[in-house]
file final_29.tsv (TSV, C-alpha atoms and all ligand atoms)
chain	number	residue	atom	x	y	z
B	1	MET	CA	64.09	71.10	-151.40
B	2	VAL	CA	67.67	69.91	-151.23
B	3	VAL	CA	69.61	70.33	-147.98
B	4	ILE	CA	73.19	69.14	-147.65
B	5	LEU	CA	74.39	68.00	-144.24
B	6	PHE	CA	78.10	68.52	-144.24
B	7	GLY	CA	80.69	67.58	-141.61
B	8	ALA	CA	83.45	65.24	-140.46
B	9	PRO	CA	82.71	61.59	-139.59
B	10	GLY	CA	80.87	61.31	-136.27
B	11	VAL	CA	79.90	64.97	-135.85
B	12	GLY	CA	76.27	63.93	-135.60
B	13	LYS	CA	75.06	64.33	-139.19
B	14	GLY	CA	73.12	61.08	-139.18
B	15	THR	CA	71.33	61.75	-135.89
B	16	LEU	CA	70.47	65.27	-137.00
B	17	ALA	CA	69.21	64.03	-140.37
B	18	GLN	CA	66.98	61.46	-138.66
B	19	LYS	CA	65.51	64.18	-136.40
B	20	MET	CA	64.95	66.47	-139.39
B	21	GLN	CA	63.15	63.69	-141.25
B	22	LEU	CA	60.95	63.03	-138.19
B	23	GLU	CA	60.02	66.73	-138.16
B	24	GLY	CA	58.86	66.36	-141.74
B	25	ILE	CA	61.53	68.64	-143.25
B	26	ALA	CA	62.51	66.17	-145.99
B	27	LYS	CA	63.66	62.60	-146.51
B	28	GLN	CA	67.09	61.59	-145.18
B	29	VAL	CA	69.31	60.20	-147.89
B	30	SER	CA	72.44	58.77	-146.29
B	31	THR	CA	74.98	57.49	-148.80
B	32	GLY	CA	76.63	55.48	-146.00
B	33	ASP	CA	73.30	53.70	-145.30
B	34	LEU	CA	72.66	53.15	-149.03
B	35	LEU	CA	76.10	51.57	-149.37
B	36	ARG	CA	75.64	49.42	-146.25
B	37	ASN	CA	72.30	48.24	-147.71
B	38	GLU	CA	74.15	47.08	-150.84
B	39	ILE	CA	76.65	45.17	-148.70
B	40	ALA	CA	73.87	43.56	-146.63
B	41	ALA	CA	72.01	42.53	-149.79
B	42	GLY	CA	75.19	41.05	-151.26
B	43	THR	CA	74.89	42.98	-154.53
B	44	GLU	CA	77.72	43.56	-156.97
B	45	ILE	CA	78.09	47.15	-155.69
B	46	GLY	CA	78.16	45.80	-152.13
B	47	ARG	CA	80.97	43.40	-152.96
B	48	THR	CA	83.04	46.17	-154.57
B	49	VAL	CA	82.68	48.69	-151.74
B	50	LYS	CA	83.00	46.53	-148.60
B	51	GLN	CA	86.80	46.53	-148.41
B	52	ILE	CA	87.07	50.22	-149.24
B	53	MET	CA	84.59	51.18	-146.52
B	54	ASP	CA	86.24	48.90	-143.95
B	55	ALA	CA	89.53	50.65	-144.70
B	56	GLY	CA	87.95	54.07	-144.08
B	57	LYS	CA	88.48	55.21	-147.68
B	58	LEU	CA	85.99	56.94	-149.96
B	59	VAL	CA	84.04	54.87	-152.48
B	60	ALA	CA	84.32	55.78	-156.21
B	61	ASP	CA	82.28	58.84	-157.26
B	62	GLU	CA	80.32	56.97	-160.02
B	63	VAL	CA	79.15	54.30	-157.59
B	64	VAL	CA	77.77	56.81	-155.10
B	65	LEU	CA	76.21	58.92	-157.87
B	66	LYS	CA	74.25	55.89	-159.09
B	67	LEU	CA	72.80	55.40	-155.61
B	68	VAL	CA	71.75	59.02	-154.96
B	69	GLN	CA	70.41	59.63	-158.45
B	70	GLY	CA	67.10	57.85	-157.99
B	71	GLU	CA	66.46	59.44	-154.60
B	72	ILE	CA	67.00	63.01	-155.79
B	73	GLU	CA	64.72	62.54	-158.77
B	74	LYS	CA	61.86	61.43	-156.51
B	75	GLU	CA	61.55	63.92	-153.66
B	76	ASN	CA	62.80	66.57	-151.24
B	77	VAL	CA	65.98	65.33	-149.64
B	78	ILE	CA	68.42	65.86	-146.81
B	79	LEU	CA	71.72	64.67	-148.24
B	80	ASP	CA	73.63	63.06	-145.37
B	81	GLY	CA	77.19	62.30	-146.48
B	82	TYR	CA	76.97	63.56	-150.08
B	83	PRO	CA	78.81	65.20	-151.79
B	84	ARG	CA	82.24	64.35	-150.39
B	85	THR	CA	84.59	65.19	-153.29
B	86	LEU	CA	84.87	68.04	-155.79
B	87	LYS	CA	83.76	65.65	-158.56
B	88	GLN	CA	80.63	64.84	-156.53
B	89	VAL	CA	79.88	68.57	-156.27
B	90	SER	CA	79.79	68.86	-160.06
B	91	ASP	CA	77.90	65.55	-160.43
B	92	LEU	CA	75.28	66.89	-158.02
B	93	ASP	CA	75.06	70.25	-159.80
B	94	GLU	CA	74.37	68.46	-163.08
B	95	LEU	CA	71.82	66.12	-161.55
B	96	LEU	CA	69.93	68.99	-159.89
B	97	LYS	CA	69.95	71.02	-163.10
B	98	LYS	CA	68.40	68.10	-164.99
B	99	ASN	CA	65.68	67.87	-162.35
B	100	GLY	CA	65.00	71.61	-162.07
B	101	LYS	CA	66.13	71.62	-158.43
B	102	LYS	CA	68.62	73.66	-156.45
B	103	ILE	CA	70.54	73.44	-153.17
B	104	ASP	CA	68.65	75.33	-150.45
B	105	ALA	CA	71.38	75.19	-147.81
B	106	VAL	CA	74.61	73.48	-146.82
B	107	LEU	CA	74.50	72.86	-143.08
B	108	ASN	CA	78.03	72.54	-141.76
B	109	VAL	CA	77.68	70.36	-138.67
B	110	VAL	CA	80.45	70.97	-136.18
B	111	ALA	CA	81.67	69.22	-133.00
B	112	ASP	CA	84.94	68.80	-131.11
B	113	GLU	CA	87.32	66.12	-132.56
B	114	GLU	CA	87.71	64.34	-129.18
B	115	ILE	CA	83.94	64.11	-128.74
B	116	VAL	CA	83.70	62.80	-132.28
B	117	VAL	CA	86.07	59.85	-131.83
B	118	ASP	CA	84.50	58.95	-128.47
B	119	ARG	CA	81.06	59.12	-130.05
B	120	ILE	CA	82.05	56.93	-132.98
B	121	VAL	CA	83.72	54.12	-131.04
B	122	ASN	CA	80.63	53.87	-128.81
B	123	ARG	CA	78.17	54.17	-131.69
B	124	LEU	CA	75.66	51.43	-132.45
B	125	ILE	CA	73.35	51.24	-135.43
B	126	CYS	CA	70.19	49.28	-136.23
B	127	SER	CA	70.96	46.91	-139.08
B	128	ASN	CA	67.35	47.20	-140.25
B	129	CYS	CA	66.17	50.86	-139.99
B	130	HIS	CA	69.61	52.49	-139.39
B	131	ALA	CA	68.52	54.26	-136.17
B	132	ILE	CA	71.60	55.43	-134.29
B	133	TYR	CA	72.35	54.62	-130.62
B	134	ASN	CA	75.32	55.14	-128.31
B	135	LYS	CA	76.55	52.57	-125.79
B	136	LYS	CA	77.29	55.30	-123.22
B	137	TYR	CA	74.79	58.08	-123.84
B	138	SER	CA	71.73	56.62	-125.53
B	139	PRO	CA	71.66	52.80	-125.38
B	140	PRO	CA	68.61	50.87	-126.63
B	141	LYS	CA	66.04	49.90	-123.95
B	142	VAL	CA	66.59	46.19	-124.61
B	143	ALA	CA	70.19	45.12	-125.32
B	144	HIS	CA	70.99	44.55	-129.04
B	145	THR	CA	67.39	45.39	-130.05
B	146	CYS	CA	66.19	48.52	-131.83
B	147	ASP	CA	63.56	50.52	-129.85
B	148	LYS	CA	61.97	51.67	-133.10
B	149	CYS	CA	61.71	48.54	-135.25
B	150	GLY	CA	62.96	45.59	-133.14
B	151	GLY	CA	65.86	45.08	-135.58
B	152	LYS	CA	69.27	43.84	-134.52
B	153	ILE	CA	71.65	46.52	-133.26
B	154	VAL	CA	75.26	46.23	-134.36
B	155	HIS	CA	78.56	48.06	-134.16
B	156	ARG	CA	79.63	49.31	-137.61
B	157	SER	CA	82.70	47.47	-138.87
B	158	ASP	CA	84.39	50.80	-139.77
B	159	ASP	CA	83.79	52.37	-136.34
B	160	SER	CA	87.09	51.28	-134.75
B	161	GLN	CA	89.49	53.98	-133.54
B	162	GLU	CA	92.02	53.19	-136.29
B	163	VAL	CA	89.57	53.27	-139.19
B	164	THR	CA	87.90	56.38	-137.76
B	165	MET	CA	91.22	58.24	-137.84
B	166	GLN	CA	91.54	57.22	-141.51
B	167	ARG	CA	88.00	58.46	-142.27
B	168	ILE	CA	88.80	61.80	-140.59
B	169	GLN	CA	91.95	62.00	-142.74
B	170	GLU	CA	89.92	61.41	-145.92
B	171	TYR	CA	87.51	64.11	-144.78
B	172	LYS	CA	90.30	66.64	-144.24
B	173	GLU	CA	91.96	65.90	-147.59
B	174	LYS	CA	89.03	65.41	-149.94
B	175	THR	CA	85.84	66.68	-148.34
B	176	ARG	CA	86.66	69.74	-146.24
B	177	PRO	CA	87.75	71.77	-149.32
B	178	LEU	CA	84.11	71.65	-150.50
B	179	LEU	CA	83.24	74.16	-147.78
B	180	GLU	CA	85.08	76.85	-149.69
B	181	VAL	CA	83.19	76.04	-152.89
B	182	TYR	CA	79.78	76.23	-151.20
B	183	GLY	CA	80.94	79.18	-149.07
B	184	LYS	CA	81.56	81.17	-152.25
B	185	ARG	CA	77.98	80.40	-153.30
B	186	GLY	CA	76.77	81.80	-149.94
B	187	LEU	CA	75.15	78.51	-148.94
B	188	VAL	CA	77.04	77.48	-145.78
B	189	ILE	CA	75.46	77.73	-142.33
B	190	ASP	CA	77.23	76.36	-139.21
B	191	ILE	CA	75.21	74.12	-136.90
B	192	ASN	CA	76.47	72.77	-133.57
B	193	SER	CA	75.26	69.19	-133.13
B	194	SER	CA	75.24	69.51	-129.31
B	195	ASP	CA	72.76	72.38	-129.55
B	196	GLU	CA	69.37	71.12	-128.28
B	197	GLY	CA	67.54	73.60	-130.50
B	198	ALA	CA	69.42	72.68	-133.69
B	199	VAL	CA	66.40	71.31	-135.56
B	200	GLU	CA	64.22	74.31	-134.68
B	201	LYS	CA	66.98	76.63	-135.89
B	202	ILE	CA	67.27	74.68	-139.14
B	203	LYS	CA	63.50	74.91	-139.69
B	204	LYS	CA	63.63	78.70	-139.31
B	205	ILE	CA	66.60	78.99	-141.68
B	206	LEU	CA	64.84	76.90	-144.32
B	207	ALA	CA	61.62	78.88	-143.99
B	208	GLN	CA	63.39	82.16	-144.87
B	301	LIG	P1	80.64	58.82	-141.53
B	301	LIG	O1	80.06	60.14	-141.92
B	301	LIG	O2	80.59	58.57	-140.06
B	301	LIG	O3	82.01	58.57	-142.12
B	301	LIG	P2	78.95	57.38	-143.43
B	301	LIG	O4	77.97	56.35	-143.06
B	301	LIG	O5	78.47	58.66	-144.00
B	301	LIG	O6	79.77	57.64	-142.10
B	301	LIG	O7	80.01	56.77	-144.47
B	301	LIG	C1	80.62	55.52	-144.24
B	301	LIG	C2	81.53	55.16	-145.41
B	301	LIG	O8	80.75	55.07	-146.61
B	301	LIG	C3	82.62	56.18	-145.74
B	301	LIG	O9	83.78	56.01	-144.95
B	301	LIG	C4	82.86	55.87	-147.22
B	301	LIG	O10	83.66	54.70	-147.37
B	301	LIG	C5	81.46	55.54	-147.73
B	301	LIG	N1	80.77	56.75	-148.26
B	301	LIG	C6	79.64	57.31	-147.78
B	301	LIG	N2	79.28	58.38	-148.49
B	301	LIG	C7	80.21	58.51	-149.48
B	301	LIG	C8	80.41	59.43	-150.55
B	301	LIG	N3	79.59	60.48	-150.74
B	301	LIG	N4	81.49	59.23	-151.35
B	301	LIG	C9	82.34	58.22	-151.18
B	301	LIG	N5	82.22	57.31	-150.19
B	301	LIG	C10	81.16	57.45	-149.33
call {"tool": "encode", "arguments": {"input": "final_29.tsv", "output": "structure tokens", "more": "lines below"}}
Ligand code: ADP
result
Amino acid sequence: MVVILFGAPGVGKGTLAQKMQLEGIAKQVSTGDLLRNEIAAGTEIGRTVKQIMDAGKLVADEVVLKLVQGEIEKENVILDGYPRTLKQVSDLDELLKKNGKKIDAVLNVVADEEIVVDRIVNRLICSNCHAIYNKKYSPPKVAHTCDKCGGKIVHRSDDSQEVTMQRIQEYKEKTRPLLEVYGKRGLVIDINSSDEGAVEKIKKILAQ
């Protein structure tokens, strides 16, 4: 199974993907988390992408492809943040063909732009397991400490208002056009991230 979670920065893709993984639907593969892991580990990829990510720009297609490749070969996946460019759509098509897999659904996660920016600037993330928190709406029980793994909770360096606006711009220019491509293939289903029953709905859709 391959499910794509599509949507602008901060619409709630990551939180939804984590819930879907918990429900046993498939494994969350977040390209943002994979890239942040490279930065934290100080790898060559990490050193190349840090500045680009901090500026709110998209990382080169070949770099991201390298990171998702291994994951897709192994198991059923929820792609959180991939693909994001037209080139990535064709890269993914090729990769899936090689592995005898296909895209089951493209879930277009929607939310209001004001909510999105407010959500992002208050967002916190566990530096160890990547669980997502929110200073206002869902803070950790113990300050700076992850409820799930005890890891250190941090504010992402690209979650400032200014960089967020840049990320939204990149989304509008380079990523949003992908909706038309997948729409033509009849794969797109809208999901509202504020909907309490979103995961149940997704389960039903995928079971059809
Ligand atoms: P958000 O969806 O909130 O923007 P992510 O964690 O998905 O957050 O992505 C953070 C950053 O990682 C992006 O701004 C971009 O620099 C980089 N990134 C993640 N996925 C991709 C991708 N598929 N292609 C290019 N860059 C990516």
call {"tool": "residues_near_ligand", "arguments": {"input": "final_29.tsv", "ligand": "ligand LIG 301 (chain B)", "cutoff": "8 Å", "atoms": "only C-alpha atoms and all ligand atoms", "output": "short mmCIF file (atom, residue, chain, number, x, y, z; two decimals) with C-alpha atoms, in the coordinates of the input"}}
result
data_model
loop_
_atom_site.label_atom_id
_atom_site.label_comp_id
_atom_site.auth_asym_id
_atom_site.auth_seq_id
_atom_site.Cartn_x
_atom_site.Cartn_y
_atom_site.Cartn_z
CA GLY B 7 80.69 67.58 -141.61
CA ALA B 8 83.45 65.24 -140.46
CA PRO B 9 82.71 61.59 -139.59
CA GLY B 10 80.87 61.31 -136.27
CA VAL B 11 79.90 64.97 -135.85
CA LYS B 13 75.06 64.33 -139.19
CA GLY B 14 73.12 61.08 -139.18
CA SER B 30 72.44 58.77 -146.29
CA THR B 31 74.98 57.49 -148.80
CA GLY B 32 76.63 55.48 -146.00
CA ASP B 33 73.30 53.70 -145.30
CA LEU B 35 76.10 51.57 -149.37
CA ARG B 36 75.64 49.42 -146.25
CA VAL B 49 82.68 48.69 -151.74
CA ILE B 52 87.07 50.22 -149.24
CA MET B 53 84.59 51.18 -146.52
CA ASP B 54 86.24 48.90 -143.95
CA ALA B 55 89.53 50.65 -144.70
CA GLY B 56 87.95 54.07 -144.08
CA LYS B 57 88.48 55.21 -147.68
CA LEU B 58 85.99 56.94 -149.96
CA VAL B 59 84.04 54.87 -152.48
CA ALA B 60 84.32 55.78 -156.21
CA ASP B 61 82.28 58.84 -157.26
CA VAL B 64 77.77 56.81 -155.10
CA ASP B 80 73.63 63.06 -145.37
CA GLY B 81 77.19 62.30 -146.48
CA TYR B 82 76.97 63.56 -150.08
CA PRO B 83 78.81 65.20 -151.79
CA ARG B 84 82.24 64.35 -150.39
CA THR B 85 84.59 65.19 -153.29
CA GLN B 88 80.63 64.84 -156.53
CA ILE B 120 82.05 56.93 -132.98
CA ASP B 158 84.39 50.80 -139.77
CA ASP B 159 83.79 52.37 -136.34
CA THR B 164 87.90 56.38 -137.76
CA ARG B 167 88.00 58.46 -142.27
CA ILE B 168 88.80 61.80 -140.59
#
call {"tool": "closest_residue", "arguments": {"input": "final_29.tsv", "among": "B:Asp91, B:Glu71, B:Met165, B:Ile103", "to": "Leu206 (chain B)", "atoms": "only C-alpha atoms"}}
result
B:Ile103
call {"tool": "atom_distance", "arguments": {"input": "final_29.tsv", "atom1": "CA of Gly46 (chain B)", "atom2": "CA of His155 (chain B)"}}
result
18.1 Å
call {"tool": "residues_around", "arguments": {"input": "final_29.tsv", "residues": "Pro140 (chain B)", "least_positions_apart": "4", "cutoff": "12 Å", "atoms": "only C-alpha atoms", "output": "list of chain:residue names"}}
result
B:Arg123, B:Leu124, B:Ile125, B:Cys126, B:Ala131, B:Ile132, B:Tyr133, B:Asn134, B:Lys135, B:Lys136, B:His144, B:Thr145, B:Cys146, B:Asp147, B:Lys148, B:Cys149, B:Gly150, B:Gly151, B:Lys152, B:Ile153, B:Val154
call {"tool": "write_last_selection", "arguments": {"input": "final_29.tsv", "atoms": "C-alpha atoms", "output": "compact mmCIF listing (two decimals), keeping the file's coordinate frame"}}
result
# COMPACT_ATOMS: atom_id res chain seq x y z
CA ARG B 123 78.17 54.17 -131.69
CA LEU B 124 75.66 51.43 -132.45
CA ILE B 125 73.35 51.24 -135.43
CA CYS B 126 70.19 49.28 -136.23
CA ALA B 131 68.52 54.26 -136.17
CA ILE B 132 71.60 55.43 -134.29
CA TYR B 133 72.35 54.62 -130.62
CA ASN B 134 75.32 55.14 -128.31
CA LYS B 135 76.55 52.57 -125.79
CA LYS B 136 77.29 55.30 -123.22
CA HIS B 144 70.99 44.55 -129.04
CA THR B 145 67.39 45.39 -130.05
CA CYS B 146 66.19 48.52 -131.83
CA ASP B 147 63.56 50.52 -129.85
CA LYS B 148 61.97 51.67 -133.10
CA CYS B 149 61.71 48.54 -135.25
CA GLY B 150 62.96 45.59 -133.14
CA GLY B 151 65.86 45.08 -135.58
CA LYS B 152 69.27 43.84 -134.52
CA ILE B 153 71.65 46.52 -133.26
CA VAL B 154 75.26 46.23 -134.36
call {"tool": "atom_distance", "arguments": {"input": "final_29.tsv", "atom1": "CA of Arg156 (chain B)", "atom2": "CA of Leu107 (chain B)"}}
result
24.7 Å
call {"tool": "closest_residue", "arguments": {"input": "final_29.tsv", "among": "B:Gln161, B:Ile191, B:Glu73, B:Met1", "to": "Val116 (chain B)", "atoms": "all atoms listed in the file"}}
result
B:Gln161
